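run_17.txt (compact mmCIF, C-alpha atoms)
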```txt
# COMPACT_ATOMS: atom_id res chain seq x y z
CA MET A 1 130.00 -37.90 109.67
CA SER A 2 133.04 -36.15 111.02
CA ILE A 3 133.25 -33.64 108.18
CA SER A 4 129.90 -32.29 107.03
CA ALA A 5 129.04 -30.39 103.86
CA ARG A 6 126.39 -27.71 103.33
CA LEU A 7 125.17 -25.86 100.27
CA GLN A 8 123.28 -22.61 100.70
CA ALA A 9 122.46 -19.24 99.13
CA GLU A 10 122.60 -17.43 102.45
CA PRO A 11 125.74 -15.95 104.03
CA PHE A 12 127.57 -17.93 106.71
CA GLU A 13 129.29 -16.90 109.91
CA ALA A 14 132.77 -18.40 110.03
CA ALA A 15 133.36 -17.86 113.74
CA ALA A 16 130.00 -19.38 114.66
CA GLU A 17 130.66 -22.40 112.45
CA GLN A 18 134.02 -22.97 114.10
CA ALA A 19 132.52 -22.65 117.57
CA ALA A 20 129.74 -25.10 116.67
CA LEU A 21 132.27 -27.56 115.25
CA ILE A 22 134.41 -27.58 118.37
CA GLY A 23 131.53 -27.49 120.81
CA ALA A 24 132.55 -28.61 124.29
CA ARG A 25 135.49 -30.73 123.13
CA THR A 26 138.79 -30.08 124.90
CA ASP A 27 140.93 -32.64 123.04
CA LEU A 28 141.24 -30.48 119.94
CA GLY A 29 144.47 -28.48 119.88
CA ALA A 30 144.12 -26.87 116.45
CA ALA A 31 141.39 -25.22 114.43
CA VAL A 32 141.87 -23.95 110.86
CA SER A 33 139.38 -21.70 109.10
CA PHE A 34 139.54 -20.71 105.43
CA THR A 35 137.06 -18.32 103.81
CA GLY A 36 137.02 -17.71 100.05
CA LEU A 37 135.87 -14.21 99.06
CA VAL A 38 134.61 -12.58 95.87
CA ARG A 39 137.61 -10.56 94.75
CA ALA A 40 136.79 -7.26 93.01
CA ASP A 41 138.97 -7.74 89.94
CA ASP A 42 139.01 -4.59 87.78
CA GLY A 43 135.40 -3.65 87.18
CA LEU A 44 133.81 -6.83 88.51
CA VAL A 45 130.24 -6.07 89.61
CA ALA A 46 129.05 -9.50 90.72
CA LEU A 47 129.73 -13.20 90.56
CA THR A 48 126.96 -15.74 90.05
CA LEU A 49 127.57 -19.35 91.06
CA GLU A 50 125.57 -21.86 89.08
CA HIS A 51 125.58 -25.48 90.23
CA TYR A 52 124.08 -28.90 89.52
CA PRO A 53 121.38 -29.26 92.17
CA ALA A 54 121.02 -33.03 91.84
CA MET A 55 124.75 -33.60 92.31
CA THR A 56 126.42 -30.74 94.16
CA LEU A 57 125.76 -31.52 97.80
CA ALA A 58 126.39 -35.26 97.36
CA GLN A 59 129.66 -34.49 95.63
CA MET A 60 130.68 -32.05 98.37
CA GLN A 61 129.92 -34.69 101.00
CA ALA A 62 131.92 -37.28 99.03
CA ILE A 63 134.91 -34.90 99.08
CA ALA A 64 134.39 -34.37 102.82
CA ASP A 65 134.24 -38.13 103.37
CA GLN A 66 137.51 -38.60 101.47
CA ALA A 67 139.19 -36.09 103.77
CA ALA A 68 137.67 -37.71 106.85
CA ALA A 69 138.98 -41.12 105.77
CA ARG A 70 142.43 -39.71 105.11
CA TRP A 71 142.71 -37.71 108.35
CA PRO A 72 140.58 -39.71 110.82
CA GLY A 73 141.18 -37.36 113.75
CA VAL A 74 139.90 -34.32 111.89
CA VAL A 75 136.42 -32.87 112.27
CA GLY A 76 135.21 -30.22 109.88
CA THR A 77 132.51 -28.22 108.17
CA ILE A 78 132.48 -27.11 104.54
CA ILE A 79 129.94 -24.63 103.22
CA HIS A 80 129.63 -23.49 99.62
CA ARG A 81 127.27 -20.72 98.57
CA HIS A 82 125.44 -20.41 95.26
CA GLY A 83 123.60 -17.59 93.52
CA ARG A 84 124.63 -14.00 92.90
CA LEU A 85 127.37 -12.61 95.16
CA LEU A 86 128.95 -9.17 95.35
CA PRO A 87 132.64 -8.26 95.74
CA GLY A 88 133.74 -8.82 99.32
CA GLU A 89 131.13 -11.49 100.03
CA ALA A 90 132.21 -14.89 101.25
CA ILE A 91 131.70 -17.78 98.80
CA VAL A 92 133.13 -20.82 100.53
CA LEU A 93 134.09 -21.87 104.06
CA VAL A 94 136.33 -24.71 105.17
CA VAL A 95 136.73 -25.20 108.93
CA THR A 96 138.72 -28.09 110.35
CA ALA A 97 139.91 -29.03 113.81
CA SER A 98 142.13 -31.80 115.15
CA PRO A 99 144.30 -32.63 118.17
CA HIS A 100 147.42 -31.31 116.38
CA ARG A 101 147.79 -28.60 113.74
CA GLY A 102 149.33 -30.66 110.93
CA ASP A 103 146.23 -32.67 110.18
CA ALA A 104 143.89 -29.66 110.47
CA PHE A 105 146.00 -27.65 108.01
CA ALA A 106 146.40 -30.53 105.57
CA ALA A 107 142.73 -31.51 105.59
CA ALA A 108 141.64 -27.90 105.09
CA GLN A 109 143.92 -27.49 102.08
CA PHE A 110 142.81 -30.83 100.61
CA LEU A 111 139.14 -29.90 101.03
CA MET A 112 139.63 -26.52 99.37
CA ASP A 113 141.71 -27.91 96.49
CA TRP A 114 139.14 -30.60 95.74
CA LEU A 115 136.17 -28.24 96.06
CA LYS A 116 137.83 -26.23 93.29
CA THR A 117 138.16 -29.16 90.91
CA ASP A 118 135.56 -31.78 91.89
CA ALA A 119 132.38 -29.95 92.89
CA PRO A 120 129.98 -28.95 90.08
CA PHE A 121 129.95 -25.15 90.36
CA TRP A 122 130.46 -22.59 87.60
CA LYS A 123 131.24 -18.91 88.13
CA ARG A 124 129.80 -16.25 85.85
CA GLU A 125 131.33 -12.77 86.12
CA GLU A 126 129.37 -9.57 85.53
CA TRP A 127 131.38 -6.50 84.55
CA ALA A 128 130.73 -2.77 84.93
CA ASP A 129 130.48 -2.34 81.13
CA GLY A 130 127.48 -4.68 81.07
CA THR A 131 129.29 -7.71 79.72
CA ALA A 132 129.38 -11.11 81.38
CA ARG A 133 131.65 -14.09 80.99
CA TRP A 134 132.09 -17.56 82.41
CA VAL A 135 135.27 -18.10 84.39
CA GLU A 136 137.70 -20.50 82.71
CA ALA A 137 139.02 -23.41 84.74
CA LYS A 138 142.69 -23.10 85.66
CA GLY A 139 145.21 -25.85 85.08
CA SER A 140 146.87 -24.76 88.32
CA ASP A 141 143.74 -25.85 90.21
CA ASP A 142 144.00 -29.35 88.73
CA ASP A 143 147.68 -29.40 89.69
CA ALA A 144 146.79 -28.36 93.24
CA ALA A 145 144.15 -31.09 93.54
CA GLY A 146 146.35 -33.67 91.82
CA ARG A 147 149.14 -33.41 94.38
CA TRP A 148 146.84 -35.13 96.87
CA VAL A 149 146.31 -38.18 94.70
CA GLN A 150 147.99 -41.20 96.19
CA PRO A 151 147.70 -44.89 95.42
CA GLY A 152 144.27 -46.04 96.50
CA THR A 153 142.69 -42.60 96.31
CA VAL A 154 139.47 -42.57 94.38
CA ARG A 155 139.56 -39.34 92.41
CA MET A 156 135.95 -38.34 91.76
CA MET B 1 114.39 -42.11 77.43
CA MET B 2 117.25 -40.11 78.81
CA THR B 3 117.30 -36.66 80.37
CA LEU B 4 120.12 -34.41 79.27
CA VAL B 5 120.94 -31.45 81.50
CA TYR B 6 123.27 -28.60 80.59
CA PHE B 7 125.09 -26.04 82.69
CA ALA B 8 126.93 -22.72 82.31
CA TRP B 9 127.96 -21.81 78.75
CA VAL B 10 127.01 -25.25 77.47
CA ARG B 11 123.43 -24.50 78.58
CA GLU B 12 123.53 -21.08 76.92
CA MET B 13 124.89 -22.40 73.63
CA VAL B 14 122.53 -25.38 73.45
CA GLY B 15 119.67 -23.01 74.28
CA THR B 16 117.94 -25.06 76.99
CA ASP B 17 118.79 -26.33 80.45
CA ALA B 18 117.31 -29.80 79.92
CA GLU B 19 115.76 -32.07 77.30
CA THR B 20 114.44 -35.61 77.33
CA LEU B 21 115.44 -37.69 74.33
CA THR B 22 115.11 -41.20 73.01
CA LEU B 23 118.59 -42.30 72.06
CA PRO B 24 119.46 -44.55 69.14
CA ALA B 25 120.18 -48.03 70.52
CA GLU B 26 123.69 -48.05 69.13
CA LEU B 27 124.82 -45.22 71.42
CA THR B 28 126.65 -47.06 74.17
CA THR B 29 129.26 -44.57 75.41
CA VAL B 30 129.50 -40.95 76.50
CA ALA B 31 131.70 -40.18 73.48
CA ALA B 32 129.10 -41.59 71.08
CA LEU B 33 126.35 -39.63 72.82
CA LEU B 34 128.29 -36.36 72.40
CA ASP B 35 128.88 -37.10 68.70
CA TRP B 36 125.17 -37.73 68.20
CA LEU B 37 124.05 -34.69 70.21
CA ALA B 38 126.34 -32.45 68.14
CA THR B 39 124.23 -33.27 65.07
CA ARG B 40 120.97 -32.13 66.66
CA SER B 41 121.30 -28.36 66.16
CA ALA B 42 123.79 -25.61 65.44
CA GLY B 43 123.74 -24.74 69.13
CA HIS B 44 124.53 -28.31 70.17
CA ALA B 45 127.31 -28.43 67.59
CA ALA B 46 128.84 -25.17 68.78
CA ALA B 47 128.66 -26.16 72.45
CA LEU B 48 130.28 -29.53 71.81
CA ALA B 49 132.83 -28.39 69.21
CA ASN B 50 135.84 -28.64 71.52
CA ARG B 51 135.60 -31.81 73.58
CA ASN B 52 138.60 -30.75 75.69
CA ARG B 53 136.34 -28.08 77.21
CA ILE B 54 133.47 -30.49 77.95
CA ARG B 55 132.90 -32.52 81.09
CA VAL B 56 130.16 -35.09 81.64
CA ALA B 57 128.40 -36.70 84.59
CA VAL B 58 126.31 -39.85 84.20
CA ASP B 59 123.65 -40.19 86.89
CA GLN B 60 125.45 -37.54 88.97
CA GLN B 61 128.88 -39.22 88.79
CA PHE B 62 131.74 -37.69 86.82
CA ALA B 63 132.29 -39.72 83.67
CA SER B 64 134.85 -40.09 80.89
CA PRO B 65 134.41 -40.48 77.12
CA GLY B 66 134.42 -44.26 77.48
CA THR B 67 131.85 -44.43 80.28
CA LEU B 68 128.99 -46.75 79.34
CA LEU B 69 125.46 -45.37 79.20
CA ALA B 70 123.65 -48.64 79.92
CA GLY B 71 120.77 -47.92 82.29
CA ALA B 72 121.69 -44.25 82.71
CA ARG B 73 118.75 -41.93 83.39
CA GLU B 74 120.42 -38.52 83.44
CA VAL B 75 123.50 -37.24 81.65
CA ALA B 76 124.84 -33.79 82.50
CA ILE B 77 127.10 -31.87 80.12
CA PHE B 78 129.05 -28.83 81.31
CA PRO B 79 132.36 -26.96 81.20
CA PRO B 80 135.23 -27.75 83.58
CA VAL B 81 134.09 -26.70 87.05
CA THR B 82 135.12 -23.34 88.56
CA GLY B 83 133.78 -23.33 92.12
CA GLY B 84 135.57 -22.69 95.37
```

Take the structure I supplied and represent it as structure tokens, if you would.
Amino acid sequence: MSISARLQAEPFEAAAEQAALIGARTDLGAAVSFTGLVRADDGLVALTLEHYPAMTLAQMQAIADQAAARWPGVVGTIIHRHGRLLPGEAIVLVVTASPHRGDAFAAAQFLMDWLKTDAPFWKREEWADGTARWVEAKGSDDDAAGRWVQPGTVRM
Amino acid sequence: MMTLVYFAWVREMVGTDAETLTLPAELTTVAALLDWLATRSAGHAAALANRNRIRVAVDQQFASPGTLLAGAREVAIFPPVTGG
């Protein structure tokens, strides 16, 4: 598969993932790397990502396959972490590469938008005062994912 | 027999992460299943009170209220996703 998905608790190394993706190929003229980080909103102590073990990786790969079908020249790697993460830690990685930059940028944005809305993860925030709360889904994320829907797209 | 699995605040409000139930034969859709589950306990009722905040997957595929349950083995009930 030209875009592969991974799910893991452990940290990832963005530069190493990009290097592994490109390998010895010399026909790729563009590589895009996006890393999502735990942002230390006022008093946030930690973020725990719960997910649906029986579904998550398959759903991530289905999103990756949609991107691969839409941008056939793009290769990529997506990694999503789960478990308890601290401010500053990386949560999600999207790396894409293609002969020209347009497709690499577009596929990376598509992958990130759909990971936000179509992969079964839930974020729980822990605060310095001892409270915790589940993050609410944002309508703006649905809007961002929806702009990619075109006739014939199977929205999962 | 069907396995129900719950995630995030739905899991917390229902009070368990999974349960295996025998469904009444007349339950044919996701919407009917949610209506029936809401009668099982106060926790179920509270978790399912606002259906706009509930999402469902049938056998690991996102579903809608009208999705048919025929042959389904596992139904997951959870809030809108917030990964990424």

For the contact check between chain A and chain B, emit one row per residue of chain A within 8 Å, containing the shortest atom pair and the distance in Å rounded to one decimal, counting only C-alpha atoms, chain then rising number order, as CSV.
```
residue,atom,partner,partner_atom,distance
A:Gly36,CA,B:Gly84,CA,7.0
A:Leu49,CA,B:Gly83,CA,7.5
A:Glu50,CA,B:Ala8,CA,7.0
A:His51,CA,B:Phe7,CA,7.6
A:Tyr52,CA,B:Phe7,CA,7.5
A:Ala54,CA,B:Gln60,CA,6.9
A:Met55,CA,B:Gln60,CA,5.2
A:His80,CA,B:Gly84,CA,7.3
A:Ile91,CA,B:Gly84,CA,7.1
A:Val92,CA,B:Gly84,CA,6.0
A:Met112,CA,B:Gly84,CA,6.9
A:Leu115,CA,B:Gly84,CA,5.6
A:Lys116,CA,B:Gly84,CA,4.7
A:Thr117,CA,B:Val81,CA,6.1
A:Asp118,CA,B:Val81,CA,7.2
A:Ala119,CA,B:Gly83,CA,6.8
A:Pro120,CA,B:Val81,CA,5.6
A:Phe121,CA,B:Gly83,CA,4.6
A:Trp122,CA,B:Thr82,CA,4.8
A:Lys123,CA,B:Thr82,CA,5.9
A:Arg124,CA,B:Ala8,CA,7.9
A:Trp134,CA,B:Trp9,CA,7.0
A:Val135,CA,B:Thr82,CA,6.7
A:Glu136,CA,B:Thr82,CA,7.0
A:Ala137,CA,B:Thr82,CA,5.5
A:Met156,CA,B:Phe62,CA,6.5
```

Kindly save the residues from that selection, with C-alpha atoms included, as a short mmCIF file (atom, residue, chain, number, x, y, z; two decimals), keeping the file's coordinate frame.
```
data_model
loop_
_atom_site.label_atom_id
_atom_site.label_comp_id
_atom_site.auth_asym_id
_atom_site.auth_seq_id
_atom_site.Cartn_x
_atom_site.Cartn_y
_atom_site.Cartn_z
CA GLY A 36 137.02 -17.71 100.05
CA LEU A 49 127.57 -19.35 91.06
CA GLU A 50 125.57 -21.86 89.08
CA HIS A 51 125.58 -25.48 90.23
CA TYR A 52 124.08 -28.90 89.52
CA ALA A 54 121.02 -33.03 91.84
CA MET A 55 124.75 -33.60 92.31
CA HIS A 80 129.63 -23.49 99.62
CA ILE A 91 131.70 -17.78 98.80
CA VAL A 92 133.13 -20.82 100.53
CA MET A 112 139.63 -26.52 99.37
CA LEU A 115 136.17 -28.24 96.06
CA LYS A 116 137.83 -26.23 93.29
CA THR A 117 138.16 -29.16 90.91
CA ASP A 118 135.56 -31.78 91.89
CA ALA A 119 132.38 -29.95 92.89
CA PRO A 120 129.98 -28.95 90.08
CA PHE A 121 129.95 -25.15 90.36
CA TRP A 122 130.46 -22.59 87.60
CA LYS A 123 131.24 -18.91 88.13
CA ARG A 124 129.80 -16.25 85.85
CA TRP A 134 132.09 -17.56 82.41
CA VAL A 135 135.27 -18.10 84.39
CA GLU A 136 137.70 -20.50 82.71
CA ALA A 137 139.02 -23.41 84.74
CA MET A 156 135.95 -38.34 91.76
#
```

Point out the residue among B:Ala31, B:Ala38, B:Ala47, B:Leu4 with the least atom-to-atom distance to Thr67 in chain B, counting only C-alpha atoms.
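Counting only C-alpha atoms, the residue closest to Thr67 in chain B is B:Ala31.
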
Which residues, protein or nucleic acid, reach to within 8 Å of (119.3, -43.2, 76.8) in the file's coordinates when using all atoms listed in the file, and can you give that as a PDB file with C-alpha atoms, in the coordinates of the input?
```pdb
ATOM      1  CA  MET B   1     114.390 -42.110  77.430  1.00  0.00           C
ATOM      2  CA  MET B   2     117.250 -40.110  78.810  1.00  0.00           C
ATOM      3  CA  THR B   3     117.300 -36.660  80.370  1.00  0.00           C
ATOM      4  CA  LEU B  21     115.440 -37.690  74.330  1.00  0.00           C
ATOM      5  CA  THR B  22     115.110 -41.200  73.010  1.00  0.00           C
ATOM      6  CA  LEU B  23     118.590 -42.300  72.060  1.00  0.00           C
ATOM      7  CA  PRO B  24     119.460 -44.550  69.140  1.00  0.00           C
ATOM      8  CA  ALA B  25     120.180 -48.030  70.520  1.00  0.00           C
ATOM      9  CA  LEU B  27     124.820 -45.220  71.420  1.00  0.00           C
ATOM     10  CA  LEU B  69     125.460 -45.370  79.200  1.00  0.00           C
ATOM     11  CA  ALA B  70     123.650 -48.640  79.920  1.00  0.00           C
ATOM     12  CA  GLY B  71     120.770 -47.920  82.290  1.00  0.00           C
ATOM     13  CA  ALA B  72     121.690 -44.250  82.710  1.00  0.00           C
ATOM     14  CA  ARG B  73     118.750 -41.930  83.390  1.00  0.00           C
TER      15      ARG B  73
END
```

Measure the distance from CA of Gln8 in chain A to CA of Val95 in chain A in Å and round it to one decimal.
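Between these atoms lies a distance of 16.0 Å.
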
For Thr56 in chain A, which of A:Ala40, A:Ala97, A:Asp27, A:Arg6 is the closest residue, counting all atoms listed in the file?
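So, comparing all the options, the nearest one is A:Arg6.
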
Polymer residues at most 9 Å from Met13 in chain B, only C-alpha atoms, same-chain spacing of 6 or more positions, as number ranges by chain:
B: 42-47

Tell me, as an MDAnalysis selection string, which residues lie within 12 Å of Ala20 in chain A, counting only C-alpha atoms; anything in the same chain fewer than 4 positions away does not count.
chainID A and resid 13:16 24:25 31 75:77 95:97

Computed gap from CA of Leu111 in chain A to CA of Phe34 in chain A is 10.2 Å

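Reported to one decimal place, the separation of CA of Ser2 in chain A from CA of Ser33 in chain A is 15.9 Å.
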